[in-house]
$ cat model_20.txt   # compact mmCIF, C-alpha atoms
# COMPACT_ATOMS: atom_id res chain seq x y z
CA MET H 1 30.15 -175.74 35.52
CA ASP H 2 26.49 -176.79 35.81
CA ASN H 3 24.95 -177.36 39.21
CA LYS H 4 27.97 -175.93 40.98
CA GLU H 5 25.88 -175.40 44.11
CA LEU H 6 25.63 -179.19 44.50
CA ILE H 7 29.38 -179.57 45.17
CA PRO H 8 29.08 -179.39 48.99
CA LEU H 9 26.31 -182.03 48.91
CA PHE H 10 28.44 -184.34 46.76
CA GLU H 11 31.45 -183.78 48.99
CA ASP H 12 29.34 -184.84 51.96
CA ASN H 13 27.72 -187.84 50.31
CA PHE H 14 30.35 -189.28 48.00
CA PRO H 15 33.51 -190.21 49.91
CA PHE H 16 35.32 -190.53 46.58
CA TRP H 17 34.46 -186.98 45.41
CA ASN H 18 37.97 -185.59 45.86
CA LYS H 19 39.51 -188.43 43.87
CA LEU H 20 37.42 -187.65 40.79
CA SER H 21 39.03 -185.91 37.85
CA ASP H 22 37.61 -182.48 37.02
CA TYR H 23 36.02 -184.02 33.98
CA ASP H 24 34.25 -186.67 36.06
CA LYS H 25 33.15 -184.10 38.61
CA GLU H 26 31.54 -182.14 35.81
CA THR H 27 29.95 -185.26 34.35
CA LEU H 28 28.36 -186.13 37.67
CA LEU H 29 27.14 -182.57 38.30
CA ALA H 30 25.76 -182.17 34.79
CA SER H 31 23.84 -185.45 35.05
CA SER H 32 22.19 -184.40 38.31
CA GLN H 33 18.79 -182.86 38.85
CA LYS H 34 17.26 -181.17 41.83
CA VAL H 35 13.75 -182.56 42.24
CA GLN H 36 10.95 -181.90 44.69
CA PHE H 37 8.88 -185.03 45.07
CA PRO H 38 5.42 -184.36 46.49
CA LYS H 39 4.19 -186.57 49.33
CA GLY H 40 2.91 -189.93 48.11
CA MET H 41 4.49 -189.82 44.66
CA ASN H 42 5.95 -192.98 43.17
CA ILE H 43 9.54 -192.17 42.24
CA HIS H 44 10.90 -195.49 41.09
CA ASP H 45 9.00 -198.52 39.84
CA GLY H 46 11.44 -201.35 39.48
CA ASN H 47 11.98 -201.55 35.77
CA THR H 48 13.91 -198.41 34.95
CA CYS H 49 17.19 -196.92 36.07
CA THR H 50 15.96 -193.84 37.90
CA GLY H 51 19.42 -192.97 39.20
CA VAL H 52 21.09 -192.49 42.54
CA ILE H 53 18.76 -190.47 44.77
CA LEU H 54 20.19 -188.26 47.50
CA VAL H 55 17.64 -187.14 50.08
CA ARG H 56 18.04 -183.58 51.42
CA THR H 57 14.71 -183.18 53.24
CA GLY H 58 11.68 -185.43 53.71
CA SER H 59 11.87 -189.21 53.41
CA LEU H 60 11.51 -191.98 50.87
CA ARG H 61 10.11 -195.45 51.38
CA LEU H 62 11.48 -198.47 49.55
CA TYR H 63 9.22 -201.50 49.24
CA MET H 64 8.47 -204.73 47.43
CA LEU H 65 5.18 -205.05 45.60
CA SER H 66 3.27 -208.24 44.79
CA GLU H 67 1.19 -208.79 41.68
CA ASP H 68 -1.99 -208.21 43.65
CA GLY H 69 -0.71 -204.97 45.11
CA LYS H 70 0.47 -206.12 48.54
CA GLU H 71 3.40 -204.07 49.81
CA ILE H 72 6.20 -204.81 52.22
CA THR H 73 8.24 -201.85 53.41
CA LEU H 74 11.93 -202.77 53.36
CA TYR H 75 13.40 -199.54 54.68
CA ARG H 76 13.18 -195.77 54.62
CA ILE H 77 15.71 -193.27 53.34
CA PHE H 78 16.21 -190.12 55.37
CA PRO H 79 18.01 -186.79 54.84
CA GLY H 80 21.72 -187.37 54.36
CA GLU H 81 21.10 -190.88 53.03
CA MET H 82 21.11 -192.25 49.53
CA CYS H 83 19.00 -194.65 47.49
CA ILE H 84 21.22 -196.85 45.37
CA LEU H 85 18.81 -199.69 44.48
CA SER H 86 17.02 -197.24 42.16
CA ALA H 87 20.19 -197.10 40.04
CA SER H 88 19.96 -200.51 38.43
CA CYS H 89 22.51 -199.67 35.74
CA VAL H 90 25.11 -199.15 38.48
CA LEU H 91 24.29 -202.48 40.14
CA GLN H 92 23.96 -204.95 37.30
CA THR H 93 23.84 -207.90 39.67
CA VAL H 94 20.63 -206.64 41.27
CA THR H 95 17.86 -208.45 39.42
CA PHE H 96 14.88 -207.85 41.67
CA ASP H 97 12.38 -205.01 41.49
CA VAL H 98 11.89 -202.51 44.25
CA PHE H 99 9.62 -199.51 44.41
CA VAL H 100 10.30 -196.12 45.94
CA ASP H 101 7.71 -193.55 47.04
CA SER H 102 8.21 -190.20 48.70
CA GLU H 103 6.50 -190.31 52.06
CA GLU H 104 6.65 -186.61 52.65
CA ASN H 105 7.34 -183.66 50.39
CA SER H 106 10.99 -184.44 49.76
CA ASP H 107 13.81 -182.37 48.33
CA CYS H 108 16.12 -184.72 46.47
CA VAL H 109 18.96 -184.73 44.01
CA VAL H 110 18.84 -187.46 41.40
CA VAL H 111 22.24 -188.35 39.96
CA GLY H 112 22.04 -189.95 36.54
CA GLY H 113 22.61 -193.70 36.72
CA CYS H 114 24.58 -193.81 33.46
CA ALA H 115 26.90 -191.02 34.54
CA TYR H 116 27.52 -192.71 37.86
CA GLU H 117 28.14 -196.01 36.13
CA ALA H 118 30.64 -194.47 33.73
CA ILE H 119 32.53 -192.95 36.64
CA ALA H 120 32.41 -196.18 38.63
CA ARG H 121 34.13 -197.90 35.71
CA ARG H 122 36.99 -195.41 35.94
CA LEU H 123 37.21 -195.03 39.72
CA PRO H 124 36.99 -198.26 41.77
CA GLU H 125 36.17 -196.25 44.92
CA ALA H 126 32.93 -195.09 43.31
CA LYS H 127 32.02 -198.66 42.42
CA ILE H 128 32.90 -199.90 45.91
CA PHE H 129 30.83 -197.13 47.50
CA ALA H 130 27.75 -198.10 45.50
CA LEU H 131 28.18 -201.81 46.21
CA GLU H 132 28.79 -201.27 49.92
CA SER H 133 25.64 -199.15 50.15
CA ALA H 134 23.67 -201.98 48.53
CA VAL H 135 25.18 -204.65 50.78
CA SER H 136 24.43 -202.60 53.87
CA ARG H 137 20.77 -202.30 52.77
CA PHE H 138 20.85 -206.08 52.27
CA SER H 139 21.34 -206.28 56.04
CA ASP H 140 18.32 -204.03 56.69
CA VAL H 141 16.19 -206.16 54.42
CA MET H 142 17.30 -209.39 56.08
CA TRP H 143 16.27 -207.96 59.43
CA VAL H 144 12.77 -207.17 58.16
CA MET H 145 12.52 -210.63 56.61
CA GLN H 146 13.68 -212.36 59.74
CA GLN H 147 11.06 -210.56 61.83
CA ILE H 148 8.29 -211.33 59.40
CA LEU H 149 9.21 -214.92 58.61
CA PHE H 150 10.39 -216.23 61.91
CA MET H 151 9.19 -214.31 64.83
CA SER H 152 6.05 -212.73 63.48
CA MET H 153 7.23 -210.07 65.88
CA ASP H 154 5.07 -207.49 64.14
CA LYS H 155 2.01 -209.64 64.78
CA ARG H 156 2.99 -210.54 68.31
CA LEU H 157 3.72 -206.95 69.26
CA ALA H 158 0.45 -205.77 67.65
CA ILE H 159 -1.50 -208.32 69.67
CA PHE H 160 0.33 -207.33 72.84
CA LEU H 161 -0.35 -203.60 72.37
CA LEU H 162 -4.03 -204.18 71.60
CA ASP H 163 -4.42 -206.46 74.61
CA GLU H 164 -2.72 -204.03 76.95
CA THR H 165 -4.71 -201.00 75.85
CA SER H 166 -8.01 -202.83 75.98
CA LYS H 167 -7.15 -204.17 79.44
CA ASN H 168 -6.40 -200.64 80.69
CA GLN H 169 -9.09 -198.95 78.59
CA SER H 170 -6.51 -196.48 77.39
CA ASP H 171 -4.72 -195.57 74.18
CA THR H 172 -1.35 -195.72 75.81
CA VAL H 173 0.97 -198.46 77.01
CA ARG H 174 3.18 -197.30 79.87
CA LEU H 175 5.73 -200.05 79.99
CA THR H 176 9.43 -199.97 79.20
CA HIS H 177 10.68 -201.84 76.14
CA GLU H 178 12.48 -204.12 78.57
CA GLN H 179 9.21 -204.97 80.33
CA ILE H 180 7.39 -205.60 77.07
CA ALA H 181 10.23 -207.84 75.90
CA LYS H 182 9.92 -209.83 79.12
CA TYR H 183 6.15 -210.24 78.73
CA MET H 184 6.64 -211.37 75.15
CA GLY H 185 9.62 -213.64 75.75
CA SER H 186 11.72 -211.55 73.39
CA ALA H 187 14.73 -209.23 73.63
CA ARG H 188 14.61 -205.53 74.40
CA GLU H 189 16.51 -204.70 71.18
CA VAL H 190 13.92 -206.54 69.12
CA VAL H 191 11.01 -204.74 70.79
CA SER H 192 12.72 -201.34 70.44
CA ARG H 193 13.46 -201.90 66.79
CA MET H 194 9.94 -203.08 66.04
CA LEU H 195 8.42 -200.13 67.90
CA LYS H 196 10.66 -197.84 65.85
CA TYR H 197 9.30 -199.56 62.75
CA PHE H 198 5.69 -199.15 63.94
CA ALA H 199 6.38 -195.48 64.70
CA ALA H 200 7.87 -194.93 61.25
CA GLU H 201 4.75 -196.53 59.78
CA GLY H 202 2.59 -194.12 61.77
CA ILE H 203 0.99 -196.95 63.75
CA VAL H 204 2.16 -195.76 67.16
CA SER H 205 4.04 -192.83 68.62
CA VAL H 206 6.77 -193.47 71.14
CA SER H 207 8.03 -190.97 73.69
CA ILE H 208 9.74 -191.22 77.03
CA SER H 209 7.19 -188.98 78.78
CA ASP H 210 4.01 -190.42 77.25
CA GLY H 211 4.91 -194.06 76.61
CA ILE H 212 3.62 -195.88 73.54
CA LYS H 213 0.50 -194.29 72.09
CA LEU H 214 -1.66 -196.18 69.58
CA ILE H 215 -2.37 -193.99 66.57
CA ASP H 216 -3.60 -196.35 63.87
CA ARG H 217 -5.61 -199.00 65.67
CA LYS H 218 -7.03 -200.30 62.39
CA ARG H 219 -3.63 -201.24 61.00
CA LEU H 220 -2.63 -202.74 64.31
CA ARG H 221 -5.70 -204.94 64.17
CA GLU H 222 -4.82 -206.01 60.64
CA LEU H 223 -1.31 -206.92 61.78
CA ALA H 224 -2.75 -208.90 64.67
CA LEU H 225 -4.89 -211.12 62.41
CA MET O 1 55.17 -221.50 47.73
CA ASP O 2 52.50 -223.25 49.83
CA ASN O 3 49.43 -224.74 48.18
CA LYS O 4 50.86 -224.19 44.73
CA GLU O 5 48.41 -226.72 43.32
CA LEU O 6 45.56 -224.32 44.12
CA ILE O 7 46.76 -221.76 41.56
CA PRO O 8 44.57 -223.03 38.68
CA LEU O 9 41.52 -222.98 40.98
CA PHE O 10 42.25 -219.40 42.05
CA GLU O 11 42.82 -218.36 38.45
CA ASP O 12 39.39 -219.75 37.59
CA ASN O 13 37.55 -218.30 40.57
CA PHE O 14 39.20 -214.96 41.25
CA PRO O 15 39.04 -212.68 38.20
CA PHE O 16 41.62 -210.43 39.87
CA TRP O 17 44.20 -213.19 40.36
CA ASN O 18 46.58 -211.97 37.66
CA LYS O 19 46.58 -208.44 39.08
CA LEU O 20 47.84 -209.62 42.48
CA SER O 21 51.46 -209.04 43.43
CA ASP O 22 53.50 -212.18 44.00
CA TYR O 23 53.42 -211.40 47.69
CA ASP O 24 49.63 -211.22 47.74
CA LYS O 25 49.34 -214.41 45.71
CA GLU O 26 51.45 -216.16 48.31
CA THR O 27 49.42 -214.63 51.14
CA LEU O 28 46.18 -215.90 49.65
CA LEU O 29 47.58 -219.38 48.96
CA ALA O 30 49.17 -219.68 52.39
CA SER O 31 45.90 -218.72 54.11
CA SER O 32 43.95 -221.38 52.23
CA GLN O 33 43.02 -224.86 53.33
CA LYS O 34 41.68 -227.81 51.43
CA VAL O 35 38.82 -229.23 53.46
CA GLN O 36 36.48 -232.18 52.96
CA PHE O 37 33.18 -231.44 54.63
CA PRO O 38 31.13 -234.56 55.31
CA LYS O 39 27.45 -234.53 54.37
CA GLY O 40 25.28 -232.70 56.90
CA MET O 41 28.10 -230.88 58.65
CA ASN O 42 27.58 -227.30 59.82
CA ILE O 43 30.39 -225.26 58.29
CA HIS O 44 29.50 -221.73 59.27
CA ASP O 45 27.28 -220.53 62.09
CA GLY O 46 26.83 -216.84 61.69
CA ASN O 47 29.07 -215.38 64.34
CA THR O 48 32.54 -216.13 63.10
CA CYS O 49 34.51 -215.28 59.99
CA THR O 50 34.89 -218.73 58.48
CA GLY O 51 36.42 -217.39 55.28
CA VAL O 52 35.66 -217.46 51.58
CA ILE O 53 34.59 -220.99 50.66
CA LEU O 54 35.19 -222.29 47.14
CA VAL O 55 33.21 -225.41 46.28
CA ARG O 56 35.00 -227.99 44.11
CA THR O 57 32.61 -230.95 44.46
CA GLY O 58 29.37 -231.49 46.38
CA SER O 59 27.14 -228.61 47.47
CA LEU O 60 26.57 -226.26 50.37
CA ARG O 61 23.30 -224.87 51.65
CA LEU O 62 23.01 -221.37 53.07
CA TYR O 63 20.07 -220.66 55.38
CA MET O 64 18.60 -218.41 58.05
CA LEU O 65 17.85 -219.90 61.43
CA SER O 66 15.29 -218.70 63.96
CA GLU O 67 15.71 -218.92 67.72
CA ASP O 68 13.41 -221.91 67.84
CA GLY O 69 15.33 -223.75 65.15
CA LYS O 70 13.19 -223.01 62.10
CA GLU O 71 15.23 -222.84 58.91
CA ILE O 72 14.73 -221.07 55.61
CA THR O 73 17.00 -222.10 52.76
CA LEU O 74 18.21 -219.00 50.93
CA TYR O 75 20.31 -220.62 48.24
CA ARG O 76 22.74 -223.42 47.42
CA ILE O 77 26.36 -223.19 46.37
CA PHE O 78 27.52 -225.60 43.69
CA PRO O 79 30.90 -226.61 42.24
CA GLY O 80 32.62 -223.63 40.65
CA GLU O 81 30.76 -221.23 42.94
CA MET O 82 31.83 -219.37 46.03
CA CYS O 83 30.39 -218.58 49.45
CA ILE O 84 31.22 -215.01 50.40
CA LEU O 85 28.68 -214.38 53.19
CA SER O 86 30.75 -216.70 55.40
CA ALA O 87 33.59 -214.17 55.24
CA SER O 88 32.14 -211.50 57.51
CA CYS O 89 35.47 -209.73 57.92
CA VAL O 90 35.52 -209.06 54.17
CA LEU O 91 31.98 -207.68 54.20
CA GLN O 92 31.79 -205.44 57.24
CA THR O 93 28.44 -204.03 56.18
CA VAL O 94 26.80 -207.46 56.43
CA THR O 95 25.31 -207.56 59.91
CA PHE O 96 22.96 -210.52 59.68
CA ASP O 97 23.72 -214.12 60.53
CA VAL O 98 23.56 -216.90 58.00
CA PHE O 99 24.34 -220.57 58.42
CA VAL O 100 26.05 -222.90 55.97
CA ASP O 101 25.85 -226.71 55.93
CA SER O 102 27.37 -229.16 53.50
CA GLU O 103 24.54 -231.03 51.85
CA GLU O 104 26.73 -233.71 50.35
CA ASN O 105 30.29 -234.76 50.99
CA SER O 106 31.93 -231.63 49.62
CA ASP O 107 35.51 -230.88 48.61
CA CYS O 108 36.13 -227.23 49.35
CA VAL O 109 38.92 -224.72 49.67
CA VAL O 110 38.55 -222.22 52.48
CA VAL O 111 40.43 -218.97 51.90
CA GLY O 112 41.22 -217.11 55.10
CA GLY O 113 38.92 -214.13 55.58
CA CYS O 114 41.64 -211.93 57.06
CA ALA O 115 44.02 -212.64 54.19
CA TYR O 116 41.31 -211.86 51.67
CA GLU O 117 40.40 -208.70 53.50
CA ALA O 118 44.03 -207.51 53.58
CA ILE O 119 44.30 -208.08 49.85
CA ALA O 120 40.97 -206.37 49.18
CA ARG O 121 42.33 -203.29 50.91
CA ARG O 122 45.26 -203.20 48.50
CA LEU O 123 43.45 -204.27 45.32
CA PRO O 124 40.05 -202.66 44.67
CA GLU O 125 39.20 -205.39 42.15
CA ALA O 126 39.28 -207.98 44.94
CA LYS O 127 36.97 -205.83 47.06
CA ILE O 128 34.60 -205.25 44.14
CA PHE O 129 34.53 -208.97 43.37
CA ALA O 130 33.52 -209.83 46.94
CA LEU O 131 30.86 -207.11 47.07
CA GLU O 132 29.42 -208.02 43.68
CA SER O 133 29.15 -211.65 44.76
CA ALA O 134 27.24 -210.55 47.85
CA VAL O 135 24.91 -208.24 45.90
CA SER O 136 24.16 -210.97 43.40
CA ARG O 137 23.18 -213.32 46.25
CA PHE O 138 20.99 -210.48 47.57
CA SER O 139 18.96 -210.98 44.39
CA ASP O 140 18.61 -214.73 45.03
CA VAL O 141 17.46 -214.05 48.57
CA MET O 142 14.91 -211.47 47.45
CA TRP O 143 13.42 -214.01 45.08
CA VAL O 144 12.96 -216.55 47.85
CA MET O 145 11.47 -213.88 50.11
CA GLN O 146 9.09 -212.68 47.44
CA GLN O 147 7.78 -216.19 46.87
CA ILE O 148 7.33 -216.87 50.55
CA LEU O 149 5.87 -213.52 51.58
CA PHE O 150 3.67 -212.65 48.69
CA MET O 151 2.62 -215.57 46.68
CA SER O 152 2.98 -218.36 49.18
CA MET O 153 3.85 -220.11 45.94
CA ASP O 154 5.56 -222.92 47.84
CA LYS O 155 2.37 -223.56 49.78
CA ARG O 156 0.11 -223.20 46.77
CA LEU O 157 2.22 -225.50 44.62
CA ALA O 158 2.47 -228.05 47.43
CA ILE O 159 -1.32 -228.10 47.79
CA PHE O 160 -1.74 -228.40 44.04
CA LEU O 161 0.67 -231.34 43.75
CA LEU O 162 -0.92 -233.18 46.69
CA ASP O 163 -4.41 -232.62 45.28
CA GLU O 164 -3.43 -233.80 41.81
CA THR O 165 -1.73 -236.98 42.99
CA SER O 166 -4.52 -237.88 45.38
CA LYS O 167 -7.07 -237.27 42.62
CA ASN O 168 -5.17 -239.57 40.24
CA GLN O 169 -4.04 -242.00 42.95
CA SER O 170 -0.52 -241.72 41.62
CA ASP O 171 2.85 -240.36 42.73
CA THR O 172 3.31 -238.45 39.53
CA VAL O 173 1.85 -235.30 38.02
CA ARG O 174 1.90 -235.40 34.24
CA LEU O 175 1.20 -231.79 33.40
CA THR O 176 3.43 -229.19 31.79
CA HIS O 177 4.61 -226.28 33.89
CA GLU O 178 2.48 -224.10 31.63
CA GLN O 179 -0.62 -226.14 32.47
CA ILE O 180 0.10 -226.04 36.18
CA ALA O 181 0.61 -222.28 36.02
CA LYS O 182 -2.76 -221.93 34.32
CA TYR O 183 -4.52 -224.04 36.96
CA MET O 184 -2.88 -221.99 39.71
CA GLY O 185 -3.36 -218.58 38.12
CA SER O 186 0.38 -218.04 38.07
CA ALA O 187 3.13 -217.72 35.46
CA ARG O 188 5.05 -220.62 33.90
CA GLU O 189 8.39 -219.11 34.98
CA VAL O 190 7.26 -218.99 38.59
CA VAL O 191 6.09 -222.62 38.54
CA SER O 192 9.30 -223.78 36.85
CA ARG O 193 11.49 -221.95 39.31
CA MET O 194 9.54 -223.24 42.30
CA LEU O 195 9.67 -226.82 40.96
CA LYS O 196 13.43 -226.42 40.56
CA TYR O 197 13.53 -225.27 44.17
CA PHE O 198 11.42 -228.28 45.29
CA ALA O 199 13.70 -230.60 43.29
CA ALA O 200 16.82 -229.09 44.88
CA GLU O 201 15.19 -229.66 48.28
CA GLY O 202 14.60 -233.32 47.38
CA ILE O 203 10.83 -232.90 47.61
CA VAL O 204 10.09 -233.84 44.00
CA SER O 205 12.00 -235.03 40.97
CA VAL O 206 11.30 -233.44 37.63
CA SER O 207 11.97 -235.04 34.25
CA ILE O 208 10.57 -234.62 30.78
CA SER O 209 9.81 -238.31 30.37
CA ASP O 210 8.35 -239.01 33.81
CA GLY O 211 6.79 -235.68 34.76
CA ILE O 212 6.84 -234.46 38.35
CA LYS O 213 7.32 -237.24 40.86
CA LEU O 214 6.62 -236.71 44.56
CA ILE O 215 9.54 -237.93 46.63
CA ASP O 216 9.05 -236.39 50.06
CA ARG O 217 5.30 -236.32 50.65
CA LYS O 218 5.77 -235.52 54.32
CA ARG O 219 7.55 -232.23 53.63
CA LEU O 220 5.03 -231.39 50.95
CA ARG O 221 2.26 -231.83 53.48
CA GLU O 222 4.09 -229.58 55.92
CA LEU O 223 4.42 -226.92 53.25
CA ALA O 224 0.72 -227.23 52.46
CA LEU O 225 -0.35 -226.51 56.06
$ encode --input "model_20.txt" --output "structure tokens"
Amino acid sequence: MDNKELIPLFEDNFPFWNKLSDYDKETLLASSQKVQFPKGMNIHDGNTCTGVILVRTGSLRLYMLSEDGKEITLYRIFPGEMCILSASCVLQTVTFDVFVDSEENSDCVVVGGCAYEAIARRLPEAKIFALESAVSRFSDVMWVMQQILFMSMDKRLAIFLLDETSKNQSDTVRLTHEQIAKYMGSAREVVSRMLKYFAAEGIVSVSISDGIKLIDRKRLRELAL
Amino acid sequence: MDNKELIPLFEDNFPFWNKLSDYDKETLLASSQKVQFPKGMNIHDGNTCTGVILVRTGSLRLYMLSEDGKEITLYRIFPGEMCILSASCVLQTVTFDVFVDSEENSDCVVVGGCAYEAIARRLPEAKIFALESAVSRFSDVMWVMQQILFMSMDKRLAIFLLDETSKNQSDTVRLTHEQIAKYMGSAREVVSRMLKYFAAEGIVSVSISDGIKLIDRKRLRELAL
């Protein structure tokens, strides 16, 4: 059996693994490749079926891209998670293009889209798993959209952080998320989630001991425009 | 059997109908209600599981709503189509709120979400059908988002149409979609799709003989801001 060492990974990631026939297990293993994606590499560019990507170390970033090169990060994929939108042959009803880059040096396993699709036709659980993963990412994307379209929370929080740090002539904001939410007329959950997003983007760092530290003031200023 | 007259509708709309046991067929029929939604009525408000809505006549509009009442139309549901995002108990991985209004007097059949969910647990095809419907709407939503976030195509087209009609002192723009796309530095497909969207919103009417006629100048001006 090829790629036998991947069995524990597949057991962990594919809840349907034990229901597969031996033949299908072999098909899936044989179609899989261990790949090390260097930091910054574009892994998937919308038009092709790259396959189902399992992340073992590092992280991937999934984004939309406009014709003039503007990007919007939709979500990140961390170790133990899976990228399904890069397997367009599994999800025929997905007709939009997304792009995936590795944000760090990332150890991944890419499962062939065609092999997965063939198995999903035989085992409904495999199909359901792929679809549920996509629908759950739909929720992540809607959250990003809602923030950007309605609240401009990214902009409002950027303005708030710049104001605070310039007022205190410091790089750090020592307020709780609750307090910030109150100042901004928002909810603590929204502020926490947006700060998490800023931190993931490398714009700020957040820690309990040191508060919110501005790292990329330039990007914050761009957001505040 | 209750609601026996709904059988042809379910045969048409649910590709898994013939695989259901008699018991499950009865469950689905018994959980269903024929409802006439008057024009403008709010049918689903995000928090509840309203059920799977089948549209027989009229049309429904699905939208996001901000805290301050701003709406963004995501898509419309026409006769022969189905609203699945209103059945949150079927799609547990959907965690965002959407709203559904009837845009015209609409004859619908609402299938109980719990009944559908129970059946989906027994018949994978029913689960797959619901998930695929959701994923295919995901594509519609991404298109809307892309237009709004990247191209501001709605704004740009609104400005173009207002400019043209004021230049010609007319209510009508007599240009092909191809010509408009050229003027705007865009693609014909994008212009056509956005005009279709404007027409569905009642902002313009589009016909081969009469060109593009401005109907709701006020909304066009708002879009152009």
$ interface_residues --input "model_20.txt" --of "chain O" --to "chain H" --cutoff "8 Å" --atoms "all atoms listed in the file" --output "list in words"
Met64, Ser66, Lys70, Thr93, Val94, Thr95, Phe96, Pro124, Glu125, Lys127, Ile128, Leu131, Glu132, Ala134, Val135, Ser136, Phe138, Ser139, Met142, Trp143, Met145, Gln146, Leu149, Phe150 and Met151 of chain O
$ write_last_selection --input "model_20.txt" --atoms "C-alpha atoms" --output "PDB file, keeping the file's coordinate frame"
ATOM      1  CA  MET O  64      18.600-218.410  58.050  1.00  0.00           C
ATOM      2  CA  SER O  66      15.290-218.700  63.960  1.00  0.00           C
ATOM      3  CA  LYS O  70      13.190-223.010  62.100  1.00  0.00           C
ATOM      4  CA  THR O  93      28.440-204.030  56.180  1.00  0.00           C
ATOM      5  CA  VAL O  94      26.800-207.460  56.430  1.00  0.00           C
ATOM      6  CA  THR O  95      25.310-207.560  59.910  1.00  0.00           C
ATOM      7  CA  PHE O  96      22.960-210.520  59.680  1.00  0.00           C
ATOM      8  CA  PRO O 124      40.050-202.660  44.670  1.00  0.00           C
ATOM      9  CA  GLU O 125      39.200-205.390  42.150  1.00  0.00           C
ATOM     10  CA  LYS O 127      36.970-205.830  47.060  1.00  0.00           C
ATOM     11  CA  ILE O 128      34.600-205.250  44.140  1.00  0.00           C
ATOM     12  CA  LEU O 131      30.860-207.110  47.070  1.00  0.00           C
ATOM     13  CA  GLU O 132      29.420-208.020  43.680  1.00  0.00           C
ATOM     14  CA  ALA O 134      27.240-210.550  47.850  1.00  0.00           C
ATOM     15  CA  VAL O 135      24.910-208.240  45.900  1.00  0.00           C
ATOM     16  CA  SER O 136      24.160-210.970  43.400  1.00  0.00           C
ATOM     17  CA  PHE O 138      20.990-210.480  47.570  1.00  0.00           C
ATOM     18  CA  SER O 139      18.960-210.980  44.390  1.00  0.00           C
ATOM     19  CA  MET O 142      14.910-211.470  47.450  1.00  0.00           C
ATOM     20  CA  TRP O 143      13.420-214.010  45.080  1.00  0.00           C
ATOM     21  CA  MET O 145      11.470-213.880  50.110  1.00  0.00           C
ATOM     22  CA  GLN O 146       9.090-212.680  47.440  1.00  0.00           C
ATOM     23  CA  LEU O 149       5.870-213.520  51.580  1.00  0.00           C
ATOM     24  CA  PHE O 150       3.670-212.650  48.690  1.00  0.00           C
ATOM     25  CA  MET O 151       2.620-215.570  46.680  1.00  0.00           C
TER      26      MET O 151
END
$ closest_residue --input "model_20.txt" --among "H:Lys25, H:Arg174, H:His44, H:Lys155" --to "Arg219 of chain H" --atoms "all atoms listed in the file"
H:Lys155
$ residues_around --input "model_20.txt" --residues "segment 48-52 of chain H" --least-positions-apart "2" --cutoff "10 Å" --atoms "all atoms listed in the file" --output "list in words"
Ser31, Ser32, Ile43, His44, Asp45, Gly46, Leu54, Val55, Met82, Cys83, Ile84, Leu85, Ser86, Ala87, Ser88, Cys89, Val90, Leu91, Asp97, Val109, Val110, Val111, Gly112, Gly113, Cys114, Ala115, Tyr116, Glu117 and Ala130 of chain H
$ closest_residue --input "model_20.txt" --among "O:Arg188, O:Lys196, O:Arg217, O:Arg121" --to "Leu161 of chain O" --atoms "only C-alpha atoms"
O:Arg217
$ atom_distance --input "model_20.txt" --atom1 "atom CA of Arg122 of chain H" --atom2 "atom CA of Glu26 of chain H"
14.3 Å
$ atom_distance --input "model_20.txt" --atom1 "atom CA of Glu104 of chain H" --atom2 "atom CA of Leu220 of chain H"
22.0 Å
$ residues_around --input "model_20.txt" --residues "Ser106 of chain O" --least-positions-apart "3" --cutoff "6 Å" --atoms "all atoms listed in the file" --output "ChimeraX atom specification"
/O:36-37,57-58
$ closest_residue --input "model_20.txt" --among "O:Lys34, O:Lys39, O:Phe14, O:Val191" --to "Glu178 of chain O" --atoms "all atoms listed in the file"
O:Val191
$ axis_aligned_box --input "model_20.txt" --around "segment 176-179 of chain O" --padding-each-side "6 Å" --output "lines of an AutoDock Vina configuration file"
center_x = 2.0
center_y = -226.6
center_z = 32.8
size_x = 17.2
size_y = 17.1
size_z = 14.3
$ atom_distance --input "model_20.txt" --atom1 "atom CA of Leu225 of chain H" --atom2 "atom CA of Tyr183 of chain O"
28.5 Å
